$ cat start_18.cif   # mmCIF, C-alpha atoms
data_upload
loop_
_atom_site.label_atom_id
_atom_site.label_comp_id
_atom_site.auth_asym_id
_atom_site.auth_seq_id
_atom_site.Cartn_x
_atom_site.Cartn_y
_atom_site.Cartn_z
CA ALA A 30 0.51 -77.93 -44.84
CA ARG A 31 -2.54 -80.09 -44.11
CA SER A 32 -3.68 -81.79 -40.89
CA LEU A 33 -6.96 -83.73 -40.91
CA GLN A 34 -9.53 -81.43 -42.56
CA TYR A 35 -7.53 -78.27 -41.86
CA VAL A 36 -5.08 -76.44 -44.12
CA TYR A 37 -2.29 -74.22 -42.78
CA VAL A 38 -0.22 -71.58 -44.53
CA SER A 39 2.29 -69.02 -43.34
CA ASP A 40 3.66 -65.76 -44.73
CA GLY A 41 6.70 -66.00 -42.46
CA THR A 42 5.09 -63.91 -39.73
CA THR A 43 1.65 -65.46 -39.08
CA VAL A 44 0.23 -68.99 -39.36
CA TRP A 45 -3.25 -69.11 -40.89
CA GLU A 46 -5.79 -71.92 -40.58
CA CYS A 47 -8.61 -72.78 -42.98
CA GLY A 48 -11.13 -75.23 -41.57
CA ASP A 49 -13.41 -75.77 -44.58
CA THR A 50 -11.64 -76.05 -47.93
CA SER A 51 -14.88 -77.03 -49.71
CA ALA A 52 -16.58 -73.70 -49.05
CA SER A 53 -17.13 -71.32 -51.96
CA THR A 54 -15.32 -68.62 -49.98
CA LEU A 55 -12.35 -69.75 -47.93
CA VAL A 56 -12.11 -68.34 -44.43
CA TRP A 57 -8.61 -68.02 -42.96
CA ASN A 58 -8.13 -67.50 -39.23
CA ALA A 59 -4.87 -66.34 -37.67
CA CYS A 60 -3.20 -68.58 -35.08
CA THR A 61 -1.49 -67.25 -31.96
CA PHE A 62 1.53 -68.32 -29.92
CA ASN A 63 1.39 -69.07 -26.21
CA THR A 64 4.49 -67.65 -24.51
CA SER A 65 4.30 -69.52 -21.20
CA GLY A 66 7.44 -71.33 -20.12
CA SER A 67 9.78 -68.45 -21.05
CA TYR A 68 8.94 -68.61 -24.76
CA THR A 69 8.76 -65.57 -27.02
CA ALA A 70 6.38 -65.37 -29.96
CA PRO A 71 8.11 -65.21 -33.36
CA GLY A 72 8.33 -61.74 -34.88
CA THR A 73 8.13 -60.47 -38.44
CA GLY A 74 9.65 -62.95 -40.88
CA GLU A 75 10.73 -65.35 -38.11
CA ILE A 76 8.61 -68.37 -39.08
CA TYR A 77 10.79 -70.52 -41.34
CA SER A 78 9.23 -73.96 -41.74
CA MET A 79 6.04 -75.92 -41.03
CA ASP A 80 4.88 -79.54 -41.12
CA CYS A 81 1.76 -81.45 -40.12
CA THR A 82 0.78 -84.87 -38.90
CA ASP A 83 -2.71 -86.28 -38.53
CA GLY A 84 -3.65 -84.01 -35.69
CA TYR A 85 -0.58 -81.87 -34.97
CA VAL A 86 1.09 -78.89 -36.63
CA PHE A 87 4.75 -77.99 -36.01
CA VAL A 88 6.44 -74.71 -36.90
CA ALA A 89 10.15 -73.86 -36.79
CA THR A 90 10.92 -70.27 -35.85
CA LYS A 91 13.74 -68.08 -34.66
CA LYS A 92 12.27 -68.31 -31.15
CA GLY A 93 11.95 -72.10 -31.03
CA ILE A 94 9.75 -74.92 -32.28
CA PHE A 95 6.02 -74.65 -31.53
CA TYR A 96 3.23 -77.19 -31.91
CA TYR A 97 -0.56 -77.14 -32.03
CA SER A 98 -3.20 -79.87 -31.87
CA SER A 99 -5.54 -79.15 -34.78
CA THR A 100 -8.28 -81.12 -33.03
CA ALA A 101 -8.28 -78.62 -30.15
CA GLY A 102 -9.86 -75.89 -32.26
CA THR A 103 -8.14 -73.11 -30.32
CA ARG A 104 -5.56 -72.12 -32.97
CA VAL A 105 -2.96 -71.61 -30.21
CA PHE A 106 0.62 -72.88 -30.63
CA TYR A 107 2.62 -74.00 -27.59
CA GLY A 108 6.34 -74.36 -27.11
CA TYR A 109 7.89 -77.69 -28.12
CA ALA A 110 11.64 -77.01 -28.13
CA LYS A 111 13.46 -73.91 -26.96
CA THR A 112 16.44 -72.38 -28.68
CA ASP A 113 19.66 -73.68 -27.22
CA GLY A 114 22.49 -71.20 -26.67
CA THR A 115 25.09 -73.65 -27.97
CA TYR A 116 23.38 -75.64 -30.72
CA ALA A 117 20.52 -73.43 -31.95
CA PRO A 118 21.17 -69.86 -30.79
CA ASN A 119 19.25 -68.46 -33.78
CA GLY A 120 16.36 -70.88 -33.62
CA TYR A 121 15.36 -73.59 -36.06
CA SER A 122 15.13 -73.26 -39.84
CA LEU A 123 13.48 -76.64 -40.51
CA VAL A 124 10.93 -78.93 -38.89
CA ARG A 125 9.62 -82.21 -40.28
CA TYR A 126 7.67 -85.10 -38.79
CA CYS A 127 9.33 -88.31 -40.01
CA ASN A 128 8.59 -91.86 -38.86
CA ASN A 129 7.08 -90.64 -35.58
CA ARG A 130 10.04 -88.37 -34.85
CA VAL A 131 10.32 -84.58 -34.96
CA VAL A 132 13.32 -83.64 -37.11
CA ALA A 133 14.72 -80.11 -36.99
CA ALA A 134 17.73 -78.14 -38.18
CA GLU A 135 19.67 -75.33 -36.57
CA ASN A 136 19.02 -71.97 -38.23
CA GLY A 137 22.29 -70.79 -39.74
CA GLY A 138 24.30 -73.71 -38.39
CA PRO A 139 25.31 -77.35 -39.05
CA THR A 140 23.41 -79.12 -36.25
CA LEU A 141 20.68 -81.68 -36.96
CA PHE A 142 18.11 -82.57 -34.30
CA VAL A 143 15.93 -85.67 -34.02
CA PHE A 144 13.84 -85.27 -30.91
CA GLN A 145 13.25 -88.28 -28.71
CA PRO A 146 9.69 -89.58 -28.33
CA THR A 147 10.32 -88.91 -24.63
CA HIS A 148 11.21 -85.26 -25.25
CA ILE A 149 9.19 -83.11 -22.86
CA SER A 150 7.43 -80.37 -24.79
CA GLY A 151 8.69 -76.93 -23.87
CA ASN A 152 12.21 -77.97 -22.87
CA TYR A 153 15.58 -77.30 -24.44
CA PRO A 154 17.01 -80.02 -26.68
CA THR A 155 19.06 -82.40 -24.58
CA THR A 156 22.80 -82.39 -25.22
CA GLY A 157 25.01 -85.08 -26.61
CA SER A 158 25.57 -86.18 -30.17
CA GLY A 159 25.29 -89.57 -31.77
CA PRO A 160 22.75 -92.30 -32.47
CA VAL A 161 19.35 -91.36 -31.05
CA THR A 162 18.79 -94.67 -29.29
CA ALA A 163 15.65 -95.60 -27.43
CA GLY A 164 15.74 -94.06 -23.97
CA ALA A 165 18.93 -92.08 -24.61
CA ASN A 166 18.87 -88.61 -23.09
CA GLN A 167 19.75 -86.64 -26.21
CA ASP A 168 18.01 -84.87 -29.05
CA ILE A 169 21.02 -83.84 -31.12
CA MET A 170 21.60 -86.32 -33.92
CA MET A 171 24.62 -84.78 -35.66
CA THR A 172 26.70 -81.64 -35.95
CA HIS A 173 28.17 -81.69 -39.45
CA PRO A 174 31.99 -81.34 -39.48
CA ASN A 175 31.69 -78.59 -42.11
CA PRO A 176 30.53 -75.47 -40.23
CA ASN A 177 29.05 -74.10 -43.46
CA PHE A 178 26.83 -77.14 -44.00
CA ARG A 179 23.09 -76.46 -43.84
CA TRP A 180 20.29 -79.04 -43.47
CA ILE A 181 17.53 -78.22 -45.96
CA ASP A 182 14.85 -80.92 -45.74
CA ALA A 183 14.02 -84.40 -44.42
CA CYS A 184 11.56 -87.21 -45.04
CA GLY A 185 10.75 -90.63 -43.64
CA GLY A 186 11.28 -93.78 -45.70
CA SER A 187 10.26 -97.39 -45.16
CA SER A 188 13.45 -98.26 -43.27
CA ALA A 189 15.25 -94.95 -42.71
CA ILE A 190 14.92 -91.21 -42.27
CA TYR A 191 16.60 -89.17 -45.00
CA TYR A 192 18.10 -85.70 -44.62
CA VAL A 193 19.45 -83.45 -47.38
CA GLY A 194 21.80 -80.50 -47.23
CA TYR A 195 24.78 -78.76 -48.74
CA ALA A 196 27.69 -76.48 -47.92
CA ASN A 197 26.34 -72.94 -48.04
CA GLY A 198 29.43 -71.06 -49.11
CA THR A 199 29.69 -68.39 -51.79
CA THR A 200 28.11 -70.94 -54.14
CA PRO A 201 26.14 -73.94 -52.76
CA SER A 202 28.20 -77.11 -53.17
CA GLY A 203 28.84 -80.51 -51.65
CA GLY A 204 25.21 -81.60 -51.85
CA GLN A 205 24.53 -84.86 -50.02
CA VAL A 206 21.67 -87.08 -48.94
CA TYR A 207 22.12 -88.67 -45.51
CA LYS A 208 20.20 -91.54 -43.93
CA SER A 209 19.52 -92.81 -40.42
CA GLY A 210 18.51 -96.44 -40.51
CA VAL A 211 15.79 -97.70 -38.19
CA VAL A 212 17.17 -100.35 -35.82
CA VAL A 213 15.01 -102.65 -33.70
CA ASP A 214 16.57 -104.44 -30.73
CA ALA A 215 15.86 -108.17 -31.10
CA THR A 216 15.45 -108.65 -27.36
CA THR A 217 13.68 -105.54 -26.09
CA LEU A 218 12.12 -104.46 -29.44
CA ALA A 219 13.26 -100.92 -28.63
CA VAL A 220 13.51 -98.75 -31.74
CA SER A 221 16.54 -96.55 -32.38
CA LEU A 222 18.01 -94.52 -35.21
CA ALA A 223 21.54 -95.03 -36.49
CA TYR A 224 24.03 -92.17 -36.81
CA PRO A 225 23.59 -90.46 -40.21
CA THR A 226 25.68 -91.76 -43.10
CA VAL A 227 25.73 -90.69 -46.74
CA ALA A 228 23.05 -92.46 -48.79
CA LEU A 229 23.67 -90.54 -52.03
CA PRO A 230 26.32 -87.96 -52.89
CA LEU A 231 25.38 -85.53 -55.65
CA SER A 232 27.58 -84.16 -58.41
CA PRO A 233 29.61 -81.02 -57.62
CA ASP A 234 27.29 -78.79 -59.66
CA GLU A 235 24.09 -80.10 -58.06
CA TYR A 236 22.71 -79.49 -54.58
CA PRO A 237 19.45 -80.70 -52.96
CA THR A 238 16.61 -78.31 -52.18
CA CYS A 239 13.85 -80.71 -51.01
CA ILE A 240 13.10 -84.42 -50.52
CA GLN A 241 9.90 -86.45 -50.43
CA ASN A 242 8.99 -90.11 -50.01
CA TYR A 243 6.20 -91.55 -52.15
CA LEU A 244 5.21 -95.20 -52.67
CA ASN A 245 8.52 -96.56 -51.38
CA TYR A 246 10.54 -94.29 -53.68
CA VAL A 247 12.46 -91.20 -52.62
CA PHE A 248 12.27 -88.10 -54.80
CA ILE A 249 14.98 -85.47 -54.49
CA GLY A 250 14.51 -81.93 -55.75
CA THR A 251 17.69 -80.08 -56.69
CA ASN A 252 18.84 -76.90 -58.37
CA LEU A 253 18.86 -78.83 -61.67
CA GLY A 254 15.53 -80.68 -61.48
CA ILE A 255 14.23 -83.80 -59.76
CA ARG A 256 15.59 -87.33 -59.28
CA MET A 257 13.57 -90.48 -58.57
CA CYS A 258 15.58 -92.78 -56.30
CA GLN A 259 15.22 -96.44 -55.44
CA THR A 260 15.99 -97.60 -51.90
CA LEU A 261 18.48 -100.46 -51.80
CA SER A 262 18.76 -103.36 -49.40
CA GLN A 263 21.99 -104.33 -47.67
CA TYR A 264 22.24 -107.33 -50.02
CA ASP A 265 22.21 -105.24 -53.17
CA PRO A 266 25.71 -105.40 -54.73
CA SER A 267 25.61 -101.68 -55.55
CA ALA A 268 24.78 -100.64 -51.94
CA ASN A 269 27.09 -99.96 -49.03
CA GLY A 270 24.26 -100.61 -46.62
CA SER A 271 20.51 -100.87 -46.22
CA GLY A 272 18.70 -97.66 -47.15
CA ASP A 273 21.25 -96.39 -49.67
CA LEU A 274 19.71 -94.65 -52.67
CA LYS A 275 20.12 -95.50 -56.34
CA SER A 276 19.43 -92.36 -58.35
CA GLY A 277 17.53 -92.26 -61.60
CA PRO A 278 18.23 -89.74 -64.37
CA LEU A 279 17.73 -86.03 -63.89
CA ILE A 280 14.26 -84.80 -64.91
CA PRO A 281 14.07 -82.68 -67.04
CA ASN A 282 17.29 -83.69 -68.75
CA ALA A 283 20.43 -81.59 -69.00
CA GLN A 284 19.26 -80.06 -72.29
CA GLN A 285 16.06 -78.78 -70.62
CA PRO A 286 17.24 -77.23 -67.34
CA VAL A 287 14.74 -75.86 -64.83
CA THR A 288 14.57 -72.10 -64.39
CA TYR A 289 14.52 -72.30 -60.60
CA PRO A 290 15.45 -75.00 -58.05
CA VAL A 291 12.73 -77.52 -57.19
CA LYS A 292 11.31 -76.47 -53.80
CA ALA A 293 8.36 -78.83 -53.30
CA ILE A 294 7.29 -82.35 -54.34
CA THR A 295 3.94 -84.08 -53.90
CA GLY A 296 2.53 -87.33 -55.21
CA SER A 297 -0.99 -88.61 -55.83
CA GLY A 298 -2.10 -91.68 -57.75
CA ARG A 299 0.15 -92.26 -60.76
CA TYR A 300 1.70 -88.80 -60.73
CA VAL A 301 4.32 -86.79 -58.91
CA TRP A 302 4.26 -82.99 -59.19
CA PHE A 303 7.09 -80.60 -58.49
#

$ encode --input "start_18.cif" --output "structure tokens"
Amino acid sequence: ARSLQYVYVSDGTTVWECGDTSASTLVWNACTFNTSGSYTAPGTGEIYSMDCTDGYVFVATKKGIFYYSSTAGTRVFYGYAKTDGTYAPNGYSLVRYCNNRVVAAENGGPTLFVFQPTHISGNYPTTGSGPVTAGANQDIMMTHPNPNFRWIDACGGSSAIYYVGYANGTTPSGGQVYKSGVVVDATTLAVSLAYPTVALPLSPDEYPTCIQNYLNYVFIGTNLGIRMCQTLSQYDPSANGSGDLKSGPLIPNAQQPVTYPVKAITGSGRYVWF
């Protein structure tokens, strides 16, 4: 992950920071975790996910979500969200920063979190489930009705936040892309997020493994390859609502299957790599 001029990597146990990527010899410094506020530092193999903004780094661990301001120069992570005994007893398996919101997923469970801008760093996620409206005292966006459903990735689009996941049974199945539309109150101009609805169901033999927004298109990585999707408006006759996705063909095609699922997508200029 990258934040400003810094690059961050993790081996699942330690987060490492490199401050000068132009140097002939890269120097990596280990970050530490502050345990004030009844937090516990993640142990061996307990760091699951990481994401950066322009200035902040978030990590999802078995012991909670931690954050660090890369401009501070201290390489010390502080607690952002504790593990909740009901909704995230085993910590968080995913963290993403999407449209100025911190999105997270329960480790080993079906609960999706979208933390309020008013969330006080270091606290438990607030209870309740439903649309994360402006000023509402809740951080839990949705608990999927299928207890075996797992949230895998998320990204921010021009008018919605997208989340992907699948039912993690004996064989992954039921892959779906969900969306939460951005809603602006015409009177107060308060911004809220709608309750997640399905933006694109995948075929029974295909399940999503990552998602990325690039130049107003949404790219979905799956076990079979990658799909380039167009976002639809509510007036499009093929859409059920604003923010639905129209999928392009599978790349590579069915006659050239990938060896492994697509786990990462990045775009630059005219190209998208996966």

$ resolve_selection --input "start_18.cif" --expression "the PyMOL selection byres ((chain A and resi 228-233) around 10)" --output "NGL selection string"
:A and (191-193 or 195 or 201-209 or 225-227 or 234-237 or 251 or 258 or 260-261 or 268-276)

$ atom_distance --input "start_18.cif" --atom1 "CA of Glu46 (chain A)" --atom2 "CA of Thr82 (chain A)"
14.6 Å

$ residues_around --input "start_18.cif" --residues "region 240-246 of chain A" --least-positions-apart "2" --cutoff "6 Å" --atoms "only C-alpha atoms" --output "list in words"
Cys184, Phe248, Ile249, Gly250, Cys258 and Gln259 of chain A

$ resolve_selection --input "start_18.cif" --expression "the PyMOL selection byres ((chain A and resi 102) around 12)" --output "ChimeraX atom specification"
/A:34-35,46-48,58,60,84-85,97-101,103-106

$ closest_residue --input "start_18.cif" --among "A:Thr42, A:Thr90, A:Ser221, A:Asn152" --to "Ser65 (chain A)" --atoms "only C-alpha atoms"
A:Asn152

$ residues_around --input "start_18.cif" --residues "region 127-134 of chain A" --least-positions-apart "4" --cutoff "7 Å" --atoms "only C-alpha atoms" --output "list in words"
Tyr121, Ser122, Leu123, Thr140, Leu141, Phe142, Val143, Phe144, Gln145, Pro146, Trp180, Cys184, Gly185 and Ile190 of chain A

$ axis_aligned_box --input "start_18.cif" --around "region 127-144 of chain A" --padding-each-side "5 Å" --output "AutoDock Vina command-line options"
--center_x 16.2 --center_y -81.3 --center_z -35.5 --size_x 28.2 --size_y 31.1 --size_z 19.1

$ resolve_selection --input "start_18.cif" --expression "the PyMOL selection byres ((chain A and resi 79) around 9)" --output "VMD selection string"
chain A and resid 30 37 to 39 76 to 78 80 to 81 86 to 89 123 to 125

$ write_last_selection --input "start_18.cif" --atoms "C-alpha atoms" --output "PDB file, in the coordinates of the input"
ATOM      1  CA  ALA A  30       0.510 -77.930 -44.840  1.00  0.00           C
ATOM      2  CA  TYR A  37      -2.290 -74.220 -42.780  1.00  0.00           C
ATOM      3  CA  VAL A  38      -0.220 -71.580 -44.530  1.00  0.00           C
ATOM      4  CA  SER A  39       2.290 -69.020 -43.340  1.00  0.00           C
ATOM      5  CA  ILE A  76       8.610 -68.370 -39.080  1.00  0.00           C
ATOM      6  CA  TYR A  77      10.790 -70.520 -41.340  1.00  0.00           C
ATOM      7  CA  SER A  78       9.230 -73.960 -41.740  1.00  0.00           C
ATOM      8  CA  ASP A  80       4.880 -79.540 -41.120  1.00  0.00           C
ATOM      9  CA  CYS A  81       1.760 -81.450 -40.120  1.00  0.00           C
ATOM     10  CA  VAL A  86       1.090 -78.890 -36.630  1.00  0.00           C
ATOM     11  CA  PHE A  87       4.750 -77.990 -36.010  1.00  0.00           C
ATOM     12  CA  VAL A  88       6.440 -74.710 -36.900  1.00  0.00           C
ATOM     13  CA  ALA A  89      10.150 -73.860 -36.790  1.00  0.00           C
ATOM     14  CA  LEU A 123      13.480 -76.640 -40.510  1.00  0.00           C
ATOM     15  CA  VAL A 124      10.930 -78.930 -38.890  1.00  0.00           C
ATOM     16  CA  ARG A 125       9.620 -82.210 -40.280  1.00  0.00           C
TER      17      ARG A 125
END

$ closest_residue --input "start_18.cif" --among "A:Val247, A:Phe95, A:Ser67, A:Ala117" --to "Gly296 (chain A)" --atoms "all atoms listed in the file"
A:Val247

$ atom_distance --input "start_18.cif" --atom1 "CA of Ser262 (chain A)" --atom2 "CA of Ala215 (chain A)"
19.1 Å

$ atom_distance --input "start_18.cif" --atom1 "CA of Asn175 (chain A)" --atom2 "CA of Gly137 (chain A)"
12.4 Å

$ residues_around --input "start_18.cif" --residues "Gly66 (chain A)" --least-positions-apart "4" --cutoff "10 Å" --atoms "all atoms listed in the file" --output "MDAnalysis selection string"
chainID A and resid 107:108 111 151:152

$ residues_near_point --input "start_18.cif" --point "(15.1, -72.3, -30.3)" --cutoff "8 Å" --atoms "only C-alpha atoms" --output "JSON, numbers by chain"
{"A": [90, 91, 92, 93, 94, 110, 111, 112, 113, 117, 118, 119, 120, 121, 153]}

$ residues_around --input "start_18.cif" --residues "Ala59 (chain A)" --least-positions-apart "2" --cutoff "8 Å" --atoms "all atoms listed in the file" --output "PyMOL selection string"
chain A and resi 43-46+57+61+104
